[in-house]
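The data block below is start_4.cif; it holds mmCIF, C-alpha atoms and all ligand atoms.
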```
data_final
loop_
_atom_site.label_atom_id
_atom_site.label_comp_id
_atom_site.auth_asym_id
_atom_site.auth_seq_id
_atom_site.Cartn_x
_atom_site.Cartn_y
_atom_site.Cartn_z
CA MET A 1 208.58 -175.63 -60.63
CA THR A 2 207.73 -172.81 -63.05
CA ASP A 3 205.02 -170.28 -62.18
CA ARG A 4 201.70 -170.45 -63.96
CA LEU A 5 201.24 -167.91 -66.74
CA ARG A 6 198.74 -165.04 -66.30
CA VAL A 7 196.45 -164.62 -69.32
CA GLY A 8 194.17 -161.78 -70.42
CA VAL A 9 191.81 -162.09 -73.39
CA ILE A 10 190.77 -159.29 -75.79
CA GLY A 11 187.59 -160.20 -77.68
CA CYS A 12 185.64 -162.91 -75.85
CA GLY A 13 183.59 -164.53 -78.62
CA GLY A 14 183.56 -168.00 -80.11
CA MET A 15 187.20 -168.57 -80.96
CA SER A 16 188.77 -167.11 -77.86
CA ARG A 17 186.85 -169.81 -76.00
CA ASN A 18 189.10 -172.25 -77.80
CA HIS A 19 192.09 -170.32 -76.46
CA VAL A 20 190.71 -170.39 -72.93
CA ALA A 21 189.87 -174.10 -73.15
CA GLY A 22 193.42 -174.69 -74.40
CA TYR A 23 195.01 -172.72 -71.57
CA LEU A 24 192.94 -174.52 -68.94
CA ASN A 25 193.35 -178.00 -70.47
CA SER A 26 197.11 -177.60 -70.68
CA GLY A 27 197.12 -176.87 -66.94
CA ARG A 28 199.86 -174.25 -67.18
CA TYR A 29 197.91 -170.96 -67.20
CA ASP A 30 195.52 -168.87 -65.11
CA VAL A 31 193.02 -166.84 -67.13
CA VAL A 32 192.72 -163.70 -64.97
CA ALA A 33 191.19 -160.91 -67.10
CA LEU A 34 188.79 -160.43 -70.01
CA ALA A 35 188.16 -157.42 -72.24
CA ASP A 36 185.20 -157.07 -74.58
CA LEU A 37 182.79 -154.38 -75.77
CA ASN A 38 180.00 -156.66 -74.63
CA ASP A 39 179.44 -157.56 -70.96
CA GLY A 40 177.46 -160.65 -71.83
CA ALA A 41 180.35 -162.14 -73.81
CA MET A 42 182.60 -161.90 -70.74
CA ARG A 43 179.97 -163.26 -68.36
CA GLU A 44 179.35 -166.22 -70.66
CA MET A 45 183.07 -166.95 -70.82
CA ASP A 46 183.34 -167.03 -67.02
CA ALA A 47 180.26 -169.23 -66.74
CA GLN A 48 181.35 -171.69 -69.44
CA PHE A 49 184.75 -172.29 -67.88
CA ASP A 50 183.86 -171.67 -64.23
CA ILE A 51 186.54 -168.98 -63.96
CA ASN A 52 186.50 -165.73 -62.00
CA THR A 53 188.07 -162.96 -64.06
CA THR A 54 188.28 -159.17 -63.92
CA HIS A 55 186.25 -157.60 -66.74
CA TYR A 56 187.22 -154.58 -68.84
CA ASP A 57 185.27 -152.75 -71.53
CA ASP A 58 188.56 -151.39 -72.86
CA GLY A 59 191.42 -153.73 -73.79
CA ARG A 60 194.06 -151.05 -73.30
CA ARG A 61 192.94 -150.54 -69.69
CA MET A 62 193.28 -154.28 -69.12
CA LEU A 63 196.81 -154.18 -70.56
CA GLU A 64 197.61 -151.21 -68.31
CA GLU A 65 196.26 -152.67 -65.09
CA GLU A 66 197.04 -156.39 -65.28
CA GLN A 67 200.60 -157.72 -65.36
CA LEU A 68 199.88 -160.23 -68.10
CA ASP A 69 202.28 -162.92 -69.26
CA VAL A 70 200.12 -163.83 -72.25
CA VAL A 71 197.53 -161.83 -74.19
CA SER A 72 194.97 -163.66 -76.35
CA ILE A 73 193.35 -161.76 -79.19
CA GLY A 74 190.03 -163.03 -80.51
CA THR A 75 188.50 -159.99 -82.20
CA TRP A 76 187.58 -160.04 -85.88
CA HIS A 77 190.42 -159.89 -88.42
CA THR A 78 190.65 -156.10 -88.69
CA GLY A 79 191.30 -155.96 -84.95
CA HIS A 80 194.24 -158.37 -85.00
CA ALA A 81 196.97 -155.90 -85.99
CA PRO A 82 195.92 -152.94 -83.81
CA TRP A 83 195.39 -155.12 -80.74
CA THR A 84 198.62 -157.08 -81.25
CA ILE A 85 200.58 -153.85 -81.65
CA ALA A 86 198.88 -152.35 -78.57
CA ALA A 87 199.53 -155.49 -76.49
CA ALA A 88 203.17 -155.73 -77.65
CA ALA A 89 203.81 -152.25 -76.25
CA TYR A 90 203.08 -153.66 -72.76
CA GLN A 91 205.69 -156.39 -73.29
CA PRO A 92 203.89 -159.54 -72.21
CA LYS A 93 205.90 -162.72 -72.71
CA ALA A 94 203.69 -163.80 -75.59
CA ILE A 95 200.64 -162.96 -77.67
CA LEU A 96 198.31 -165.57 -79.16
CA CYS A 97 196.27 -163.87 -81.87
CA GLU A 98 193.65 -165.44 -84.09
CA LYS A 99 193.96 -165.98 -87.83
CA PRO A 100 193.89 -164.70 -90.50
CA MET A 101 196.88 -162.84 -89.12
CA ALA A 102 195.68 -159.44 -90.38
CA ASP A 103 193.58 -157.74 -93.04
CA THR A 104 196.68 -156.81 -95.10
CA ILE A 105 200.19 -158.20 -95.24
CA GLY A 106 201.41 -154.69 -94.44
CA HIS A 107 199.60 -154.87 -91.11
CA ALA A 108 200.84 -158.42 -90.53
CA GLU A 109 204.38 -157.18 -91.09
CA GLN A 110 203.80 -154.42 -88.50
CA MET A 111 202.70 -157.08 -86.01
CA LEU A 112 205.98 -158.96 -86.52
CA VAL A 113 207.98 -155.74 -86.14
CA ALA A 114 206.12 -154.62 -82.98
CA CYS A 115 206.59 -158.02 -81.33
CA LYS A 116 210.26 -158.23 -82.26
CA ARG A 117 210.94 -154.68 -81.07
CA ASN A 118 209.35 -155.46 -77.69
CA GLY A 119 210.77 -158.97 -77.26
CA VAL A 120 207.32 -160.58 -77.40
CA LYS A 121 206.72 -164.07 -78.79
CA LEU A 122 203.91 -164.00 -81.35
CA VAL A 123 201.76 -167.01 -82.21
CA ILE A 124 198.84 -166.99 -84.66
CA GLY A 125 196.03 -169.49 -84.18
CA HIS A 126 196.63 -171.91 -87.02
CA GLN A 127 195.95 -174.58 -84.43
CA ARG A 128 195.59 -177.44 -86.91
CA ARG A 129 199.37 -177.75 -86.94
CA PHE A 130 198.78 -179.47 -83.60
CA LEU A 131 196.35 -182.08 -84.87
CA PRO A 132 197.93 -185.53 -84.63
CA ALA A 133 196.65 -186.43 -88.13
CA TYR A 134 198.32 -183.35 -89.62
CA ALA A 135 201.57 -184.10 -87.78
CA LEU A 136 201.44 -187.70 -89.02
CA ALA A 137 200.92 -186.54 -92.62
CA LYS A 138 203.92 -184.22 -92.31
CA ASP A 139 206.09 -187.01 -90.85
CA LEU A 140 205.00 -189.56 -93.50
CA ILE A 141 205.86 -187.07 -96.26
CA ALA A 142 209.23 -186.25 -94.66
CA ASP A 143 209.98 -189.99 -94.37
CA GLY A 144 209.26 -190.47 -98.08
CA ALA A 145 206.17 -192.64 -97.54
CA ILE A 146 204.55 -191.33 -100.73
CA GLY A 147 207.74 -190.49 -102.65
CA ASP A 148 208.03 -186.98 -104.06
CA VAL A 149 204.92 -184.86 -103.43
CA GLN A 150 203.51 -183.78 -106.77
CA LEU A 151 200.20 -182.15 -105.86
CA ILE A 152 198.31 -181.13 -102.72
CA LEU A 153 194.64 -180.64 -103.55
CA SER A 154 192.34 -178.84 -101.13
CA PHE A 155 188.97 -177.14 -101.03
CA GLY A 156 187.86 -173.99 -99.23
CA GLY A 157 184.95 -171.61 -99.04
CA GLN A 158 183.40 -168.58 -97.35
CA GLY A 159 186.13 -166.38 -98.80
CA LEU A 160 189.86 -166.99 -99.01
CA PRO A 161 191.40 -165.24 -95.97
CA ASN A 162 189.42 -166.80 -93.15
CA TYR A 163 188.98 -170.43 -94.17
CA SER A 164 191.82 -170.94 -96.59
CA SER A 165 194.64 -169.23 -94.68
CA HIS A 166 194.41 -172.49 -92.69
CA GLN A 167 194.89 -174.40 -95.95
CA THR A 168 197.90 -172.40 -97.14
CA ASP A 169 199.42 -172.78 -93.67
CA MET A 170 198.69 -176.51 -93.91
CA TYR A 171 200.56 -176.85 -97.23
CA ARG A 172 203.70 -175.41 -95.69
CA TYR A 173 203.30 -177.52 -92.54
CA PHE A 174 202.96 -180.75 -94.56
CA LEU A 175 206.06 -179.74 -96.53
CA SER A 176 208.13 -179.04 -93.38
CA ASP A 177 207.71 -175.27 -93.90
CA ASP A 178 209.01 -175.28 -97.45
CA GLU A 179 208.83 -171.87 -99.11
CA CYS A 180 206.23 -170.92 -101.69
CA GLU A 181 207.98 -169.59 -104.82
CA TRP A 182 205.05 -168.34 -106.88
CA VAL A 183 201.28 -168.13 -106.88
CA MET A 184 198.86 -167.83 -109.75
CA GLY A 185 195.12 -167.52 -109.37
CA ASN A 186 191.91 -165.77 -110.16
CA ILE A 187 188.73 -164.67 -108.46
CA GLU A 188 185.14 -163.72 -109.26
CA ARG A 189 183.37 -161.00 -107.27
CA LYS A 190 179.94 -159.92 -108.47
CA THR A 191 178.43 -159.23 -105.02
CA ASP A 192 179.68 -156.89 -102.29
CA GLN A 193 180.47 -159.68 -99.89
CA TYR A 194 182.37 -159.46 -96.57
CA GLU A 195 183.43 -162.01 -93.99
CA ARG A 196 183.89 -160.66 -90.45
CA ALA A 197 184.28 -157.13 -91.83
CA THR A 198 186.87 -158.20 -94.42
CA ARG A 199 186.03 -157.94 -98.11
CA ILE A 200 185.88 -161.36 -99.80
CA GLU A 201 185.32 -162.73 -103.29
CA ASP A 202 182.47 -164.93 -104.52
CA CYS A 203 184.84 -167.71 -105.62
CA ALA A 204 188.52 -168.27 -106.27
CA VAL A 205 191.16 -170.69 -107.56
CA GLY A 206 194.85 -170.66 -106.65
CA VAL A 207 197.94 -172.61 -107.70
CA PHE A 208 201.06 -172.59 -105.53
CA GLN A 209 204.60 -173.73 -106.44
CA PHE A 210 206.93 -174.77 -103.61
CA ALA A 211 210.72 -174.58 -103.66
CA SER A 212 211.34 -178.31 -103.27
CA GLY A 213 209.06 -179.15 -106.21
CA PRO A 214 205.50 -179.79 -104.98
CA ARG A 215 202.50 -177.79 -106.17
CA ALA A 216 199.21 -177.12 -104.40
CA LEU A 217 195.80 -176.39 -105.88
CA LEU A 218 193.09 -174.58 -103.91
CA LEU A 219 189.47 -174.51 -105.09
CA SER A 220 187.45 -172.08 -102.99
CA ASP A 221 183.70 -171.67 -103.34
CA VAL A 222 183.83 -173.15 -106.85
CA THR A 223 182.58 -176.61 -105.85
CA PRO A 224 180.20 -177.71 -103.09
CA ILE A 225 183.18 -179.47 -101.45
CA ILE A 226 184.69 -177.70 -98.44
CA TYR A 227 186.76 -179.26 -95.68
CA GLN A 228 189.96 -178.69 -93.73
CA GLY A 229 192.48 -181.18 -95.01
CA ALA A 230 193.83 -182.33 -98.36
CA GLN A 231 194.47 -185.06 -100.87
CA ILE A 232 198.24 -185.38 -101.28
CA PHE A 233 199.46 -187.14 -104.41
CA GLY A 234 203.04 -188.41 -104.43
CA SER A 235 205.18 -190.32 -106.93
CA GLU A 236 204.82 -193.47 -104.79
CA GLY A 237 201.55 -193.10 -102.92
CA THR A 238 198.67 -190.95 -101.75
CA ILE A 239 197.49 -189.51 -98.43
CA ASN A 240 193.95 -188.27 -97.74
CA VAL A 241 194.02 -186.26 -94.53
CA ASP A 242 191.35 -184.39 -92.61
CA THR A 243 191.15 -183.09 -89.07
CA ASN A 244 190.27 -186.47 -87.53
CA GLY A 245 192.62 -188.86 -89.28
CA LEU A 246 194.25 -189.93 -92.51
CA LEU A 247 194.19 -192.64 -95.14
CA LEU A 248 197.48 -193.82 -96.63
CA LEU A 249 197.90 -195.76 -99.83
CA ASN A 250 201.36 -196.92 -100.94
CA ALA A 251 203.30 -200.10 -101.62
CA SER A 252 203.55 -200.92 -97.91
CA THR A 253 199.76 -200.88 -97.55
CA GLY A 254 199.50 -203.40 -100.38
CA GLY A 255 197.71 -200.93 -102.62
CA ALA A 256 194.79 -200.64 -100.15
CA TRP A 257 193.81 -197.62 -98.04
CA LYS A 258 195.15 -197.88 -94.49
CA GLU A 259 193.39 -195.71 -91.90
CA HIS A 260 195.20 -193.89 -89.07
CA LYS A 261 193.41 -192.02 -86.27
CA PRO A 262 196.23 -190.96 -83.97
CA ASP A 263 195.47 -189.75 -80.42
CA GLY A 264 196.80 -186.46 -79.10
CA LYS A 265 198.97 -185.52 -76.13
CA PHE A 266 195.93 -184.41 -74.12
CA PHE A 267 192.88 -186.20 -75.55
CA ARG A 268 191.95 -189.50 -77.21
CA VAL A 269 189.89 -189.62 -80.40
CA ALA A 270 187.77 -192.48 -79.06
CA ASP A 271 186.85 -190.50 -75.92
CA GLU A 272 186.01 -187.17 -77.56
CA GLY A 273 184.60 -187.97 -81.01
CA ASP A 274 183.75 -184.77 -82.88
CA ARG A 275 185.11 -182.60 -80.02
CA PHE A 276 188.59 -184.10 -80.37
CA GLU A 277 189.88 -181.59 -82.94
CA TRP A 278 188.71 -178.56 -80.96
CA LEU A 279 190.02 -179.82 -77.63
CA GLU A 280 193.34 -181.31 -78.65
CA ALA A 281 194.51 -178.57 -81.01
CA GLY A 282 193.80 -175.77 -78.51
CA ALA A 283 195.48 -177.56 -75.61
CA ALA A 284 198.57 -178.59 -77.60
CA GLN A 285 198.92 -175.08 -79.07
CA ALA A 286 198.84 -173.58 -75.54
CA ASP A 287 201.21 -176.23 -74.21
CA GLU A 288 203.86 -175.55 -76.86
CA LEU A 289 203.46 -171.82 -76.19
CA ALA A 290 204.25 -172.37 -72.49
CA ASP A 291 207.25 -174.50 -73.52
CA TRP A 292 208.46 -171.69 -75.79
CA ILE A 293 208.03 -169.06 -73.07
CA GLU A 294 209.90 -171.27 -70.59
CA GLY A 295 212.73 -171.94 -73.06
CA LYS A 296 211.98 -175.65 -73.35
CA VAL A 297 211.65 -175.44 -77.13
CA GLU A 298 213.39 -173.09 -79.53
CA THR A 299 210.30 -172.00 -81.40
CA HIS A 300 206.56 -172.56 -81.80
CA ARG A 301 205.12 -174.15 -84.89
CA GLY A 302 202.43 -171.44 -85.02
CA ARG A 303 204.89 -168.54 -84.84
CA GLY A 304 203.93 -165.29 -86.55
CA GLU A 305 206.43 -165.71 -89.38
CA ASN A 306 204.60 -168.86 -90.55
CA ALA A 307 201.18 -167.21 -90.39
CA PHE A 308 202.55 -164.24 -92.33
CA LYS A 309 203.47 -166.58 -95.19
CA ALA A 310 200.06 -168.27 -95.08
CA LEU A 311 198.34 -164.88 -95.40
CA GLU A 312 200.78 -163.76 -98.09
CA MET A 313 199.90 -166.83 -100.20
CA ILE A 314 196.20 -165.93 -99.93
CA HIS A 315 196.74 -162.31 -100.87
CA ALA A 316 198.99 -163.43 -103.74
CA ILE A 317 195.89 -164.99 -105.37
CA TYR A 318 194.24 -161.55 -105.24
CA GLU A 319 197.45 -159.97 -106.52
CA SER A 320 197.62 -162.43 -109.41
CA ALA A 321 194.04 -161.52 -110.35
CA ARG A 322 194.82 -157.81 -109.99
CA CYS A 323 198.02 -157.81 -112.05
CA HIS A 324 197.15 -160.68 -114.43
CA GLU A 325 200.44 -162.37 -113.66
CA LYS A 326 202.19 -165.17 -111.82
CA VAL A 327 203.14 -163.57 -108.49
CA ILE A 328 206.73 -164.23 -107.50
CA MET A 329 207.13 -164.42 -103.74
CA PRO A 330 207.71 -162.51 -101.54
CA MET A 331 204.82 -160.28 -102.50
CA ARG A 332 205.64 -156.59 -102.59
CA THR A 333 202.15 -155.05 -102.46
CA ARG A 334 201.39 -154.36 -98.79
CA LEU A 335 197.70 -153.42 -99.16
CA ASN A 336 194.99 -156.02 -99.75
CA PRO A 337 194.91 -156.36 -103.57
CA LEU A 338 191.20 -157.21 -103.47
CA ASP A 339 190.50 -153.90 -101.74
CA ILE A 340 192.61 -152.11 -104.36
CA MET A 341 190.68 -153.76 -107.21
CA VAL A 342 187.29 -152.89 -105.75
CA GLU A 343 188.12 -149.39 -104.52
CA SER A 344 189.79 -148.43 -107.80
CA GLY A 345 186.61 -149.38 -109.67
CA HIS A 346 188.39 -152.20 -111.52
CA LEU A 347 186.12 -154.77 -109.86
CA ALA A 348 182.90 -152.94 -109.02
CA PRO A 349 180.18 -155.25 -107.63
CA GLU A 350 177.57 -155.94 -110.30
CA ARG A 351 174.95 -156.64 -107.59
CA PRO A 352 175.53 -153.76 -105.11
CA GLY A 353 174.67 -153.89 -101.43
CA ALA A 354 177.31 -154.79 -98.86
CA TYR A 355 176.61 -157.79 -96.65
CA ASP A 356 178.66 -159.77 -94.16
CA ILE A 357 178.31 -163.55 -94.09
CA ARG A 358 179.20 -163.49 -90.37
CA ALA A 359 176.78 -160.71 -89.39
CA PHE A 360 174.96 -163.33 -87.30
CA LEU A 361 177.83 -163.22 -84.80
CA LEU A 362 177.12 -159.59 -83.90
CA ARG A 363 175.39 -158.95 -80.60
CA GLY A 364 172.65 -156.50 -79.69
CA GLU A 365 171.55 -154.01 -82.30
CA ARG A 366 174.77 -154.06 -84.30
CA MET A 367 174.42 -154.94 -87.95
CA HIS A 368 177.88 -153.81 -89.02
CA ALA A 369 181.50 -154.55 -88.27
CA ASP A 370 182.17 -155.28 -84.61
CA THR A 371 185.60 -153.67 -84.56
CA GLU A 372 185.01 -150.53 -82.54
CA ASN A 373 188.23 -148.98 -81.19
CA THR A 374 190.37 -151.35 -83.16
CA LYS A 375 190.95 -149.71 -86.51
CA ALA A 376 191.80 -146.17 -85.53
CA ASP A 377 195.50 -146.74 -84.91
CA ASN A 378 195.98 -148.76 -87.99
CA GLN A 379 194.62 -146.78 -90.89
CA GLU A 380 196.80 -146.40 -93.94
CA THR A 381 198.17 -142.89 -94.30
N1 LIG A 401 191.46 -170.75 -85.67
C1 LIG A 401 190.24 -171.08 -86.06
O1 LIG A 401 189.99 -172.22 -86.46
C2 LIG A 401 189.15 -170.06 -85.97
C3 LIG A 401 187.80 -170.45 -85.90
C4 LIG A 401 186.83 -169.45 -85.76
C5 LIG A 401 187.21 -168.12 -85.74
N2 LIG A 401 188.52 -167.78 -85.85
C6 LIG A 401 188.96 -166.38 -85.83
O2 LIG A 401 188.71 -165.80 -84.56
C7 LIG A 401 188.40 -164.41 -84.71
C8 LIG A 401 187.11 -164.12 -83.94
O3 LIG A 401 186.06 -164.83 -84.52
P1 LIG A 401 184.81 -165.25 -83.62
O4 LIG A 401 184.00 -166.19 -84.42
O5 LIG A 401 185.29 -165.70 -82.28
O6 LIG A 401 184.06 -163.86 -83.51
P2 LIG A 401 182.98 -163.40 -82.41
O7 LIG A 401 182.16 -162.37 -83.06
O8 LIG A 401 182.31 -164.59 -81.82
O9 LIG A 401 183.87 -162.75 -81.27
C9 LIG A 401 184.52 -161.50 -81.41
C10 LIG A 401 184.45 -160.81 -80.06
O10 LIG A 401 185.29 -159.65 -80.12
C11 LIG A 401 184.63 -158.62 -79.40
N3 LIG A 401 185.18 -157.33 -79.80
C12 LIG A 401 185.02 -156.64 -80.97
N4 LIG A 401 185.69 -155.48 -80.95
C13 LIG A 401 186.31 -155.44 -79.73
C14 LIG A 401 187.14 -154.50 -79.11
N5 LIG A 401 187.47 -153.36 -79.71
N6 LIG A 401 187.58 -154.74 -77.85
C15 LIG A 401 187.25 -155.89 -77.22
N7 LIG A 401 186.43 -156.84 -77.78
C16 LIG A 401 185.99 -156.61 -79.01
C17 LIG A 401 183.16 -158.80 -79.77
O11 LIG A 401 182.30 -158.13 -78.87
C18 LIG A 401 183.03 -160.32 -79.70
O12 LIG A 401 182.68 -160.78 -78.40
C19 LIG A 401 188.27 -164.15 -86.21
O13 LIG A 401 189.41 -163.46 -86.69
C20 LIG A 401 188.17 -165.54 -86.82
O14 LIG A 401 188.74 -165.66 -88.11
C21 LIG A 401 189.49 -168.73 -85.95
#
```
Any chance you could put this one into structure tokens?
Amino acid sequence: MTDRLRVGVIGCGGMSRNHVAGYLNSGRYDVVALADLNDGAMREMDAQFDINTTHYDDGRRMLEEEQLDVVSIGTWHTGHAPWTIAAAAYQPKAILCEKPMADTIGHAEQMLVACKRNGVKLVIGHQRRFLPAYALAKDLIADGAIGDVQLILSFGGQGLPNYSSHQTDMYRYFLSDDECEWVMGNIERKTDQYERATRIEDCAVGVFQFASGPRALLLSDVTPIIYQGAQIFGSEGTINVDTNGLLLLNASTGGAWKEHKPDGKFFRVADEGDRFEWLEAGAAQADELADWIEGKVETHRGRGENAFKALEMIHAIYESARCHEKVIMPMRTRLNPLDIMVESGHLAPERPGAYDIRAFLLRGERMHADTENTKADNQET
């Protein structure tokens, strides 16, 4: 029997609770240590999961003192690269870091390099790859159930990087990790809007071309529609998929919509209702990570290389707007093209006054980015 894996968490807010739930529900981990700038966040985590952990106000001290097998990173986006690079230096077996992978693709690339150099497995939390409905959509497409995929249509909002990096990751997952060849898009940014300390646009549109032929269209903040999932139009049928299930229409369904609500490995849709997505995806993501660490599978579907491409597709929309061109992948600009446009004065906000749409997550008296001690090591030179 294999030993249980020792986990430490850096950043103990909302999403790292999904990591902890996943570790505990998979039954293969012990969560032993927490690090956060805020005591209350760590106490709440212990209370919610009835766990007894050692608390640190400095993540690096936790990495130094605990012999961790797995490090979870649940800080805001700008903290993902510095904390992943710091954790990799301590050579845990694996790191599970939240998405979007980083604030720039240059930083995301550094995360891949640091993990490779230290022999650390890196997973980014695009956990919807583990939803049974998403896996079914992928399998139906691979089996030719809707013929050749012509268009994947999806809707996002609240800025591209946070919400829609899930959507660009989803396109590739549905297409069996096909490569994106080019991206063309545009954005509007009249206000000085941020999302978890990352600059975002007011609205955006992106078109993506994949190597095997399909295209995807992303409409973000331009319609009132916003959901995780997609309408997938093929030459011989259509799939409508969201996080809870899918509808299939093709010749075998007699031209009528056929509903599928597949259960997961750990939870049943009928038992959990609205909680199913949260519970199942987190547990299955953790379970496959343990399998990867133990050599039972060759790779993890949420591996860093996939998340890098999802982020790159998002930043390619910004790059297309910046350069007024179709962006051929891989993208060569390592900085965030939206930051370049704004900071160069090319896209100055017409209604000044910075605000963060996630400021409500901040605790205590903070009204600004909650990324203390995370950015220093990672500034551009
Ligand atoms: N995969 C998903 O579906 C999903 C859903 C929600 C959020 N997220 C991602 O999770 C990340 C966190 O979002 P959240 O909503 O949980 O935020 P949050 O504000 O609830 O939690 C962040 C935590 O990090 C702590 N923190 C900040 N700087 C720190 C530091 N230097 N050292 C230690 N702790 C520090 C904060 O005190 C806070 O407790 C974001 O990148 C977000 O995009 C992913």
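Of the residues listed (A:Gly237, A:Gly11, A:Pro132, A:Gly27), A:Gly11 shows the shortest atom-to-atom separation from Thr75 in chain A; distances use only C-alpha atoms.
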Atom-to-atom span, CA of Ile187 in chain A and CA of Gly304 in chain A, Å: 26.7 Å
CA of Thr84 in chain A to atom P1 of ligand LIG 401 (chain A), straight-line distance in Å: 16.2 Å
Selection near Ile146 in chain A, 12 Å with only C-alpha atoms, sequence-local residues under 2 positions removed, as a PyMOL selection string: chain A and resi 137-144+148-151+231-240+247-253+255
Would you tabulate, counting only C-alpha atoms and all ligand atoms, all residues of chain A that have an atom at most 8 Å from an atom of ligand LIG 401 (chain A), showing the closest pair of atoms and their distance in Å to one decimal, sorted by chain then ascending number, as CSV?
```
residue,atom,partner,partner_atom,distance
A:Ile10,CA,A:LIG401,C15,5.1
A:Gly11,CA,A:LIG401,O10,3.4
A:Cys12,CA,A:LIG401,O12,4.4
A:Gly13,CA,A:LIG401,O9,3.2
A:Gly14,CA,A:LIG401,O5,3.6
A:Met15,CA,A:LIG401,O5,3.7
A:Ser16,CA,A:LIG401,O5,5.8
A:Arg17,CA,A:LIG401,O5,7.7
A:Ala35,CA,A:LIG401,C15,5.3
A:Asp36,CA,A:LIG401,N7,3.4
A:Leu37,CA,A:LIG401,N7,4.8
A:Asn38,CA,A:LIG401,O11,5.0
A:Ala41,CA,A:LIG401,O12,5.3
A:Met42,CA,A:LIG401,O12,7.7
A:Asp57,CA,A:LIG401,C15,6.8
A:Asp58,CA,A:LIG401,N6,6.1
A:Gly59,CA,A:LIG401,N6,5.7
A:Ile73,CA,A:LIG401,C7,7.9
A:Gly74,CA,A:LIG401,C8,4.6
A:Thr75,CA,A:LIG401,O10,3.8
A:Trp76,CA,A:LIG401,O13,4.0
A:His77,CA,A:LIG401,O13,4.1
A:Thr78,CA,A:LIG401,O13,7.7
A:Gly79,CA,A:LIG401,N4,6.9
A:His80,CA,A:LIG401,O13,7.2
A:Glu98,CA,A:LIG401,O2,5.0
A:Lys99,CA,A:LIG401,O14,5.2
A:Pro100,CA,A:LIG401,O14,5.8
A:Met101,CA,A:LIG401,O13,7.9
A:Gly125,CA,A:LIG401,N1,5.0
A:His126,CA,A:LIG401,N1,5.5
A:Gln127,CA,A:LIG401,N1,6.0
A:Arg128,CA,A:LIG401,O1,7.7
A:Asn162,CA,A:LIG401,O14,5.2
A:Tyr163,CA,A:LIG401,O14,7.7
A:His166,CA,A:LIG401,O1,7.6
A:Arg196,CA,A:LIG401,C19,7.0
A:Arg358,CA,A:LIG401,O7,8.0
A:Leu361,CA,A:LIG401,O7,4.7
A:Leu362,CA,A:LIG401,O7,5.8
A:Arg363,CA,A:LIG401,O11,7.2
A:Asp370,CA,A:LIG401,C12,4.8
A:Thr371,CA,A:LIG401,N4,4.0
A:Glu372,CA,A:LIG401,N5,4.7
A:Asn373,CA,A:LIG401,N5,4.7
A:Thr374,CA,A:LIG401,N5,4.9
```
Between CA of Ala145 in chain A and CA of Gln209 in chain A - distance in Å to one decimal: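 Here the two named atoms are 21.0 Å from each other.
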Which of A:Asn306, A:Pro161, A:Arg189, A:His300 sits closest to Glu350 in chain A [using only C-alpha atoms]: A:Arg189
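The shortest atom-to-atom distance to Tyr173 in chain A, with all atoms listed in the file taken into account, belongs to A:Ala307 out of A:Gly185, A:Ala307, A:Leu5, A:Thr104.
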Shell around range 169-172 of chain A at 10 Å using only C-alpha atoms, local window under 4 positions removed, as a ChimeraX atom specification: /A:126,128-129,134,138,152-154,164-165,176-180,208,210,214-217,228-230,232,302,306-311,313-314
Could those residues be written to a file, using C-alpha atoms, as a CSV table (one decimal), in the frame of the given file?
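Done, and the output landed in again.csv:
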```csv
chain,number,residue,atom,x,y,z
A,126,HIS,CA,196.6,-171.9,-87.0
A,128,ARG,CA,195.6,-177.4,-86.9
A,129,ARG,CA,199.4,-177.8,-86.9
A,134,TYR,CA,198.3,-183.4,-89.6
A,138,LYS,CA,203.9,-184.2,-92.3
A,152,ILE,CA,198.3,-181.1,-102.7
A,153,LEU,CA,194.6,-180.6,-103.6
A,154,SER,CA,192.3,-178.8,-101.1
A,164,SER,CA,191.8,-170.9,-96.6
A,165,SER,CA,194.6,-169.2,-94.7
A,176,SER,CA,208.1,-179.0,-93.4
A,177,ASP,CA,207.7,-175.3,-93.9
A,178,ASP,CA,209.0,-175.3,-97.4
A,179,GLU,CA,208.8,-171.9,-99.1
A,180,CYS,CA,206.2,-170.9,-101.7
A,208,PHE,CA,201.1,-172.6,-105.5
A,210,PHE,CA,206.9,-174.8,-103.6
A,214,PRO,CA,205.5,-179.8,-105.0
A,215,ARG,CA,202.5,-177.8,-106.2
A,216,ALA,CA,199.2,-177.1,-104.4
A,217,LEU,CA,195.8,-176.4,-105.9
A,228,GLN,CA,190.0,-178.7,-93.7
A,229,GLY,CA,192.5,-181.2,-95.0
A,230,ALA,CA,193.8,-182.3,-98.4
A,232,ILE,CA,198.2,-185.4,-101.3
A,302,GLY,CA,202.4,-171.4,-85.0
A,306,ASN,CA,204.6,-168.9,-90.6
A,307,ALA,CA,201.2,-167.2,-90.4
A,308,PHE,CA,202.6,-164.2,-92.3
A,309,LYS,CA,203.5,-166.6,-95.2
A,310,ALA,CA,200.1,-168.3,-95.1
A,311,LEU,CA,198.3,-164.9,-95.4
A,313,MET,CA,199.9,-166.8,-100.2
A,314,ILE,CA,196.2,-165.9,-99.9
```
Thr191 in chain A surroundings by all atoms listed in the file, 8 Å radius, close-in-sequence under 5 positions cut, as a PyMOL selection string: chain A and resi 201-202+349-354
Nearby residues, (193.6, -162.3, -73.2) file frame, 7 Å, only C-alpha atoms, as a PyMOL selection string: chain A and resi 7-10+33-34+70-73
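Counting all atoms listed in the file, Asn18 in chain A has the following residues at most 8 Å away, ignoring those fewer than 4 positions along the same chain: Gly14, Gly22, Trp278, Leu279 and Gly282 of chain A.
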